[in-house]
Structures are given as structure tokens and as C-alpha cells.
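Asker: This is the structure I want to talk about, given as C-alpha cells.
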Amino acid sequence: MRRRTLELGAMVAVAALSAGCSSDRPDSKPDVEGGPAAAVTKAAVAYQDAVNARQWRRVCELRAPSLREGSVEECAKREEADDAPPPTHSTASPSSAPGPERASTGPVKAELSAEVPAIGAHPAGQGVLLSYTYTWPNETGIERWALRLVQQDGAWLVEQVEDAMRGEVTAEFMRAVLAKEMRR
């Protein structure tokens, strides 16, 4: 009985803290760990994790049809072909000896989630700013991407991906980055 009371008390405390931390400001940073944004951010992080791991079939499964451009299988084949390592030359000099094919990446973090309006061919949806660290032998840095997700058949799918390196982590910046027209 005491354990149940403690669990109930903890849930009430979490709910009270969550309610006290909310904001109606459009540029506020919503809690990306819980609440309505949780499913969106989970889908966005799963997508970027799959990209970083080069799991192309999974990447294509998490894309909206407009970004996938064909079936999941067709999309995965295109991604695998684009991912092929560049040809090597037997005449390469020692100074151009290959290092790792790709940088190692740290965990993907959702920094911000907010509604984004429709623009051009892009439907309204949820925007998420993601970041992760990367490490090459002589370089370490941070990558940041803005993703537009749309809900289709009960699942959140990535409909747009844009580079978000140059700007602040605000909803206004994210919306501006995702205001680009669809590329075809």
C-alpha cells in the first residue's frame, strides 16, 4: 500500500511540474521527452539513428511517400547505391591513404519540437531540430538537422530534411529552415 501511495505521489508531482513548466509562447522549447511531442521526436530520432547507422530500408520505412519517391524497396536500393564507397585507384599516393569511410557519431538528441505550417508542396506538420556529434580522426563537431514530420495512417513519417547548422535553436529558426520548397 505504501509503495502505491509513493508511486501516485510521484506521478502527481511530475504532472504538477509539467504543468508549471509549460508556456504558450510560440518560441518556447516544448518538452521533447513527454507529452504530445514524444511520438514525433521518437520518430525523428529513430530516422536519424537509422541514417547514421546506414540502415537504408529502415530510413525509407520512416519517410513519407513524397520523400521516399517510390516503394520502400526502390528507395532502399537508391540509398544503397548512393552509399557505395568511391572507387579506389591503385596509383593513390601515401598522402591520400584512406582514413575511416565515415565519421563516428554520438547519440541523436531532439533539441526542439514545434508545429510547422504548410508551404508549397509541404503539408503542415511537426518540425523537430535534431543534433549529434561526429568525430573524424582529426576533427570533432556537431551536426544539426531540421525535419518535418507528418502523420499518415497513425504513424509520424519524415517528409522533409534540411541542414540546420547555421542558426539558433528556436521554433522561428526551424520554421524558416523548413520553409524551403520541395525539391524534385
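Labeling convention for the C-alpha cells: chains A, B, ... as they appear, residues from 1 per chain, ligands from 1 in order of appearance.
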Residues within 8 Å of region 46-60 of chain A, please, as a list in words. Count only C-alpha atoms; anything in the same chain fewer than 3 positions from it doesn't count.
Answerer: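 Skipping anything fewer than 3 positions along the chain leaves Lys42, Ala43, Arg63, Arg68, Val72, Glu73, Cys75, Ala76, Glu79, Glu80, Thr105, Pro107, Val108 and Val158 of chain A.
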Asker: Suppose we keep N, CA and C atoms; can you now write the selection as a compact mmCIF listing (two decimals), in the first residue's frame?
Answerer:
```
# COMPACT_ATOMS: atom_id res chain seq x y z
N LYS A 42 10.31 10.87 -31.10
CA LYS A 42 10.77 9.47 -31.15
C LYS A 42 10.95 9.04 -32.61
N ALA A 43 10.00 9.40 -33.48
CA ALA A 43 10.10 9.05 -34.90
C ALA A 43 11.28 9.77 -35.56
N ARG A 63 10.15 7.35 -43.98
CA ARG A 63 9.91 8.50 -44.85
C ARG A 63 8.48 8.50 -45.35
N ARG A 68 10.12 9.61 -50.06
CA ARG A 68 10.60 8.28 -50.46
C ARG A 68 10.70 8.15 -51.97
N VAL A 72 9.24 1.38 -50.65
CA VAL A 72 10.32 1.27 -49.67
C VAL A 72 11.51 0.55 -50.32
N GLU A 73 11.24 -0.50 -51.09
CA GLU A 73 12.31 -1.27 -51.72
C GLU A 73 13.08 -0.42 -52.73
N CYS A 75 13.32 2.87 -52.81
CA CYS A 75 14.04 3.88 -52.04
C CYS A 75 15.31 3.28 -51.43
N ALA A 76 15.20 2.12 -50.82
CA ALA A 76 16.36 1.47 -50.18
C ALA A 76 17.44 1.15 -51.20
N GLU A 79 19.23 4.40 -52.06
CA GLU A 79 20.11 4.82 -50.97
C GLU A 79 21.35 3.95 -50.87
N GLU A 80 21.20 2.64 -51.04
CA GLU A 80 22.35 1.73 -51.00
C GLU A 80 23.31 2.03 -52.14
N THR A 105 29.52 8.76 -34.91
CA THR A 105 28.53 9.73 -34.44
C THR A 105 28.11 9.42 -33.01
N PRO A 107 25.15 10.06 -29.80
CA PRO A 107 23.70 9.88 -29.73
C PRO A 107 22.95 11.07 -30.34
N VAL A 108 21.84 10.77 -30.98
CA VAL A 108 20.99 11.80 -31.59
C VAL A 108 20.11 12.37 -30.49
N VAL A 158 8.84 11.13 -41.82
CA VAL A 158 9.67 12.27 -42.20
C VAL A 158 9.31 12.67 -43.63
```
Asker: Just the residues within 12 Å of Glu168 (chain A), please, counting only C-alpha atoms, with nothing from its chain fewer than 3 positions along; format it as a list in words.
Answerer: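 The contact residues come out as Asp27, Lys29, Glu111, Leu112, Leu129, Arg144, Trp145, Ala146, Ala164, Met165, Ala171, Glu172, Phe173, Met174, Arg175, Ala176 and Val177 of chain A.
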Asker: What does the structure give for the distance between CA of Glu139 (chain A) and CA of Val169 (chain A), in Å to one decimal?
Answerer: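 Pair CA of Glu139 (chain A) / CA of Val169 (chain A) returns 23.1 Å.
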Asker: What does the structure give for the distance between CA of Ala103 (chain A) and CA of Asp83 (chain A), in Å to one decimal?
Answerer: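 Answer for the CA of Ala103 (chain A) to CA of Asp83 (chain A) separation: 13.9 Å.
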Asker: Between A:Gln152, A:Ser66, A:Thr41, A:Ser71, single out the one closest to Val128 (chain A), counting only C-alpha atoms.
Answerer: A:Thr41
Asker: Please determine, counting only C-alpha atoms, which residue among A:Glu115, A:Glu181, A:Glu159, A:Asp82 has the shortest atom-to-atom distance to Ala44 (chain A).
Answerer: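 Closest candidate: A:Glu159.
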Asker: Suppose you want the space between CA of Ala110 (chain A) and CA of Ala179 (chain A); what is it in Å?
Answerer: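 Straight-line distance from CA of Ala110 (chain A) to CA of Ala179 (chain A) works out to 19.5 Å.
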Asker: Out of A:Ala81, A:Ala124, A:Val45, A:Ala37, which residue has the shortest atom-to-atom distance to Lys109 (chain A) when counting only C-alpha atoms?
Answerer: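 Looking only at the distances to Lys109 (chain A), the closest residue turns out to be A:Val45.
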Asker: Identify, with DSSP run on backbone atoms, the residues in region 30-158 of chain A assigned to strand (DSSP E), and express the list as a VMD selection string.
Answerer: chain A and resid 104 to 105 109 to 116 125 to 136 139 to 152 155 to 158
